[in-house]
Structures are given as C-alpha cells and as structure tokens.
Amino acid sequence: MNSTSTIKGRGAQLNVPNRFFELQHEMRDDFLEFCRKEDEAPSKNKTKFLEVFPKTIVNKVTSPDVGMAYSMNVYQGCEHGCIYCYARNTHEFWGYSAGLDFERRILVKKTAPKLLEAHLKNKNWKAQPIVMSGNTDCYQPAESKYKITRACLKAFLNYKHPVGIITKNALILRDLDLLKALAKDNLIGVNISITSLSEDTRRALEPRTATIKKRLETVKILSENGIPVNVMMAPIIPGINSHEILSLAKAASEHGAVSIGHTIVRLNGAIGEIFTDWIKKTMPDRAEKVLHQIESCHGGSLNNSRFGSRMRGEGKIAEQINTLVKLAQHKYFRDKKMPKLNLALYEPYKDGQLKLF
C-alpha cells in the first residue's frame with residue numbers, strides 16, 4: 001500500500017463537488033506546487049465540530065433492504081473516515097462535500113436526548129426498535145466528549161424501549177452499565193462492524209476506527225455480559241477483504257457473536273469518485289482489478305440503487321460471496337440467532353417512571 005502521498009488519518013483524499021451547488025472549490029496544480037515549495041499544507045487537516053438543531057431525531061426507514069424500521073443519528077458526518085461509507089452522500093444535504101468534509105466537519109445534535117424523550121412520550125407512538133445509528137456511528141470519537149449516545153441510552157432505559165446499536169468503536173464498552181440494564185429486559189441488540197482481520201486493511205479502509213483486536217474483544221465482553229451481538233461483515237469488497245469471510249466469521253463466533261450479516265460494497269453518488277481516487281493512490285497495483293470486480297457485482301456499474309440487489313449484488317462474484325456467507329453462517333452459527341427485542345414493556349413506562357440514572 002502506498003501511503004507516501006496520502007493525507008494521514010483520513011479515508012477520502014479529496015473534496016468532491018457538492019451536487020447541489022452550482023459553483024465549486026478547486027485545488028489548482030499551481031497552488032499545490034506553491035504549497036510544496038513553501039512546505040505548507042494546502043488545507044488544515046483538523047476536525048471541526050458544529051452544533052445543529054434538528055426538529056426531530058427519529059427517522060422512518062423505508063428501504064426494504066435494511067433490517068430496521070426506525071433509526072436515529074446523533075451525529076452527521078463521521079471521523080472514522082471509512083472510505084466506502086454510504087452515508088457520505090448525506091453530507092451534501094448539509095452543504096458539505098461527501099469527501100474530506102464528511103470526516104472533518106462533524107455536525108453535533110446536542111438536543112438529541114430531549115428530542116428522543118419527546119418522541120417516546122408521544123401518545124401515538126407504538127414500540128418498535130429504534131436503531132442507533134442507521135447512518136453515522138453513534139460511538140465515533142466525538143462521543144467521548146459529548147456523551148449524547150449515553151444520554152439517549154438512559155432515555156431508552158427509563159422508558160423500557162427497545163434499541164439497537166451499530167458501531168465499530170470499542171467506546172461502546174464505556175456504557176456497559178446501561179447496556180446490561182437494558183439486556184435484563186431484552187431491550188438491546190448490538191451490531192459490531194468488522195470488515196477484516198488484517199490491521200493493514202483496517203487502517204487503509206477505516207483509518208480512525210478501533211483496531212480489529214479491540215473490536216473482537218468488544219464482541220467478547222458484550223457477549224459475556226448477556227448482550228446479544230451480531231457481527232456485520234460490511235461491506236465485503238471483492239479483491240480486498242472477500243477472501244476473509246470464513247476466517248472472520250469463525251473469529252466472530254469464537255468471541256461470542258450470535259449471528260453475522262453482510263453487504264457487498266456499492267459506490268453510489270459521490271462515493272464512486274472518492275473511492276476510485278483513494279484506491280488508485282493507496283493500492284495502485286490492484287486498483288483496476290478491484291474496481292472491475294465491484295462493477296461486475298452491479299451490472300457493470302459502481303452504482304446500484306435497486307432494491308433487492310443493491311446490498312447483495314448480482315453476477316458470479318456476488319454469487320460466490322453470498323454463498324460463502326451462507327456457508328459461514330451454517331458452519332459457525334447453526335444453532336445461534338439474534339433474539340427479537342421486547343416490545344411489551346414500553347407502554348406502562350411512557351411517563352418515564354423508571355428513574356435509575
């Protein structure tokens with residue numbers, strides 16, 4: 001992997017134009033040459049945190065391909081910097097680029113716990129699992145400072161409401177006390193994303209995430225404390241991590257996961273350009289091969305928005321990947337499965353009667 005000319009600690013290596021803007025900002029070659037001669041950085045590689053004030057926090061998920069009906073995102077943008085992240089495109093709705101801006105401009109929703117509580121108090125709301133986060137990681141580095149996710153978990157516990165979590169950060173263990181309390185009433189399910197067992201691959205794909213060792217330890221600790229864990233092998237990228245399916249599933253099972261899931265990478269919207277630029281800079285020896293294999297999974301295109309095929313792909317390579325995942329599930333998770341969350345306790349607690357924290 002060639003990292004000599006890449007921006008350290010970031011996934012994306014450029015800011016692509018925002019599709020909603022008529023004008024765009026461009027880094028000219030003469031300016032970059034000037035910066036090189038003056039030994040100056042063309043832009044500051046620091047993360048900025050910006051507070052925003054949404055009116056609601058719970059979103060209805062209409063996609064039939066996603067195993068959730070409702071989600072909530074307490075942060076927009078994600079400092080983890082995963083190069084393949086489908087959420088990058090949503091940053092354009094906030095006026096930013098899906099590239100470096102997605103990793104360096106993090107929008108913080110400090111009012112999320114109050115908005116969630118108002119939602120749970122709504123007399124018309126019927127209990128359904130709400131997933132944190134369907135878009136950006138609720139345990140990304142910003143959570144260490146803002147503790148918004150922890151405050152939301154307290155609300156779910158107070159109202160005895162079921163909640164799911166998707167993360168790739170070991171920071172979730174900070175909230176083990178709340179997770180254990182939720183698990184006592186079968187109100188929590190955790191999804192830990194693990195895309196590779198190789199640290200070199202992890203650092204390239206997901207530069208600011210927890211190490212693979214820490215993630216597997218997180219799966220083990222959660223499982224030992226009675227918290228059901230599903231490991232998401234997502235996304236599987238042909239030519240990068242597709243050869244690790246069986247070994248990754250084995251490791252997940254040995255560390256206590258009760259199930260595995262997967263998706264095949266798709267590079268919609270601006271992500272196609274961002275990923276293509278990234279792989280040509282970091283893996284130039286196999287860039288074209290990987291890109292062509294991704295295209296073969298989506299009818300000759302990097303982009304696939306069709307319900308039914310966009311998450312699983314099509315064609316021979318996609319078929320091989322999906323078959324391997326089924327084999328892994330049969331071999332390592334034959335008698336295991338994620339339990340359904342408890343929907344029955346919420347109604348008596350709509351007034352937040354349980355005040356433990």
# chains A, B, ... in the order shown; residues from 1 in each chain; ligands from 1
call {"tool": "residues_around", "arguments": {"residues": "stretch 274-290 of chain A", "least_positions_apart": "4", "cutoff": "8 Å", "atoms": "only C-alpha atoms", "output": "mmCIF file with N, CA and C atoms, in the first residue's frame"}}
result
data_model
loop_
_atom_site.group_PDB
_atom_site.id
_atom_site.type_symbol
_atom_site.label_atom_id
_atom_site.label_comp_id
_atom_site.auth_asym_id
_atom_site.auth_seq_id
_atom_site.Cartn_x
_atom_site.Cartn_y
_atom_site.Cartn_z
ATOM 1 N N MET A 1 0.827 -1.187 0.000
ATOM 2 C CA MET A 1 0.000 0.000 0.000
ATOM 3 C C MET A 1 0.869 1.247 0.000
ATOM 4 N N ASN A 2 0.561 2.168 -0.864
ATOM 5 C CA ASN A 2 1.350 3.384 -0.987
ATOM 6 C C ASN A 2 0.709 4.508 -0.198
ATOM 7 N N SER A 3 1.347 4.935 0.901
ATOM 8 C CA SER A 3 0.778 5.982 1.748
ATOM 9 C C SER A 3 1.613 7.256 1.730
ATOM 10 N N SER A 5 1.884 9.646 -0.398
ATOM 11 C CA SER A 5 1.260 10.862 -0.918
ATOM 12 C C SER A 5 -0.174 11.032 -0.435
ATOM 13 N N THR A 6 -0.550 10.303 0.597
ATOM 14 C CA THR A 6 -1.925 10.377 1.078
ATOM 15 C C THR A 6 -2.018 11.257 2.305
ATOM 16 N N GLY A 11 -9.671 8.868 5.299
ATOM 17 C CA GLY A 11 -10.022 7.935 4.253
ATOM 18 C C GLY A 11 -10.022 8.633 2.914
ATOM 19 N N ALA A 12 -10.978 9.542 2.725
ATOM 20 C CA ALA A 12 -11.044 10.316 1.474
ATOM 21 C C ALA A 12 -9.779 11.147 1.315
ATOM 22 N N GLN A 13 -9.369 11.309 0.077
ATOM 23 C CA GLN A 13 -8.157 12.076 -0.209
ATOM 24 C C GLN A 13 -8.463 13.358 -0.974
ATOM 25 N N LEU A 14 -9.738 13.693 -1.087
ATOM 26 C CA LEU A 14 -10.140 14.912 -1.778
ATOM 27 C C LEU A 14 -11.549 15.301 -1.365
ATOM 28 N N VAL A 16 -14.885 16.204 -3.147
ATOM 29 C CA VAL A 16 -15.565 16.229 -4.443
ATOM 30 C C VAL A 16 -16.630 17.324 -4.427
ATOM 31 N N ILE A 83 -13.731 4.694 3.902
ATOM 32 C CA ILE A 83 -13.720 5.179 2.525
ATOM 33 C C ILE A 83 -14.970 4.767 1.748
ATOM 34 N N TYR A 84 -15.573 3.668 2.115
ATOM 35 C CA TYR A 84 -16.703 3.106 1.391
ATOM 36 C C TYR A 84 -18.066 3.592 1.910
ATOM 37 N N GLY A 99 -16.593 14.069 0.542
ATOM 38 C CA GLY A 99 -15.208 13.630 0.687
ATOM 39 C C GLY A 99 -14.637 13.968 2.050
ATOM 40 N N ALA A 204 -6.250 1.069 6.167
ATOM 41 C CA ALA A 204 -6.475 1.665 4.850
ATOM 42 C C ALA A 204 -7.939 2.013 4.628
ATOM 43 N N ILE A 237 -15.689 -6.278 0.030
ATOM 44 C CA ILE A 237 -15.167 -5.641 -1.182
ATOM 45 C C ILE A 237 -14.349 -6.670 -1.956
ATOM 46 N N PRO A 238 -14.791 -7.074 -3.138
ATOM 47 C CA PRO A 238 -14.041 -8.069 -3.904
ATOM 48 C C PRO A 238 -12.598 -7.617 -4.135
ATOM 49 N N GLY A 239 -11.661 -8.517 -3.902
ATOM 50 C CA GLY A 239 -10.258 -8.200 -4.130
ATOM 51 C C GLY A 239 -9.579 -7.506 -2.964
ATOM 52 N N ILE A 240 -10.344 -7.156 -1.911
ATOM 53 C CA ILE A 240 -9.746 -6.524 -0.734
ATOM 54 C C ILE A 240 -9.972 -7.364 0.517
ATOM 55 N N LEU A 267 -20.988 1.757 -4.591
ATOM 56 C CA LEU A 267 -20.367 3.075 -4.524
ATOM 57 C C LEU A 267 -21.268 4.113 -5.183
ATOM 58 N N ALA A 270 -21.443 10.325 -4.986
ATOM 59 C CA ALA A 270 -20.072 10.827 -4.969
ATOM 60 C C ALA A 270 -19.071 9.782 -4.494
ATOM 61 N N ILE A 294 -15.979 -4.905 -8.532
ATOM 62 C CA ILE A 294 -17.148 -4.242 -7.940
ATOM 63 C C ILE A 294 -18.210 -4.009 -9.015
#
call {"tool": "select_by_dssp", "arguments": {"residues": "stretch 34-234 of chain A", "states": "strand (DSSP E)", "output": "MDAnalysis selection string"}}
result
chainID A and resid 48:51 58:60 70:72 75:76 105:108 130:132 163:167 188:193 229:234
call {"tool": "closest_residue", "arguments": {"among": "A:Ile148, A:Leu107, A:Val265, A:Ala69", "to": "A:Gly95", "atoms": "only C-alpha atoms"}}
result
A:Leu107
call {"tool": "closest_residue", "arguments": {"among": "A:Lys180, A:Ser301, A:Lys336, A:Ser242", "to": "A:Gln320", "atoms": "only C-alpha atoms"}}
result
A:Ser242
call {"tool": "select_by_dssp", "arguments": {"residues": "stretch 90-326 of chain A", "states": "alpha helix (DSSP H)", "output": "NGL selection string"}}
result
:A and (100-104 or 112-121 or 142-146 or 148-158 or 176-183 or 199-205 or 212-224 or 245-254 or 271-282 or 287-296 or 316-326)
call {"tool": "closest_residue", "arguments": {"among": "A:Pro113, A:Gly9, A:Pro339, A:Pro54", "to": "A:Arg150", "atoms": "only C-alpha atoms"}}
result
A:Pro113
call {"tool": "closest_residue", "arguments": {"among": "A:Gly299, A:Lys147, A:Cys82, A:Arg174", "to": "A:Ile194", "atoms": "only C-alpha atoms"}}
result
A:Cys82
call {"tool": "atom_distance", "arguments": {"atom1": "atom CA of A:Asn18", "atom2": "atom CA of A:His292"}}
result
25.7 Å
call {"tool": "residues_around", "arguments": {"residues": "stretch 309-317 of chain A", "least_positions_apart": "3", "cutoff": "10 Å", "atoms": "only C-alpha atoms", "output": "JSON, numbers by chain"}}
result
{"A": [65, 66, 234, 235, 236, 238, 242, 262, 263, 264, 265, 266, 268, 293, 294, 295, 296, 297, 298, 299, 300, 303, 304, 305, 306, 320, 321, 322, 323]}
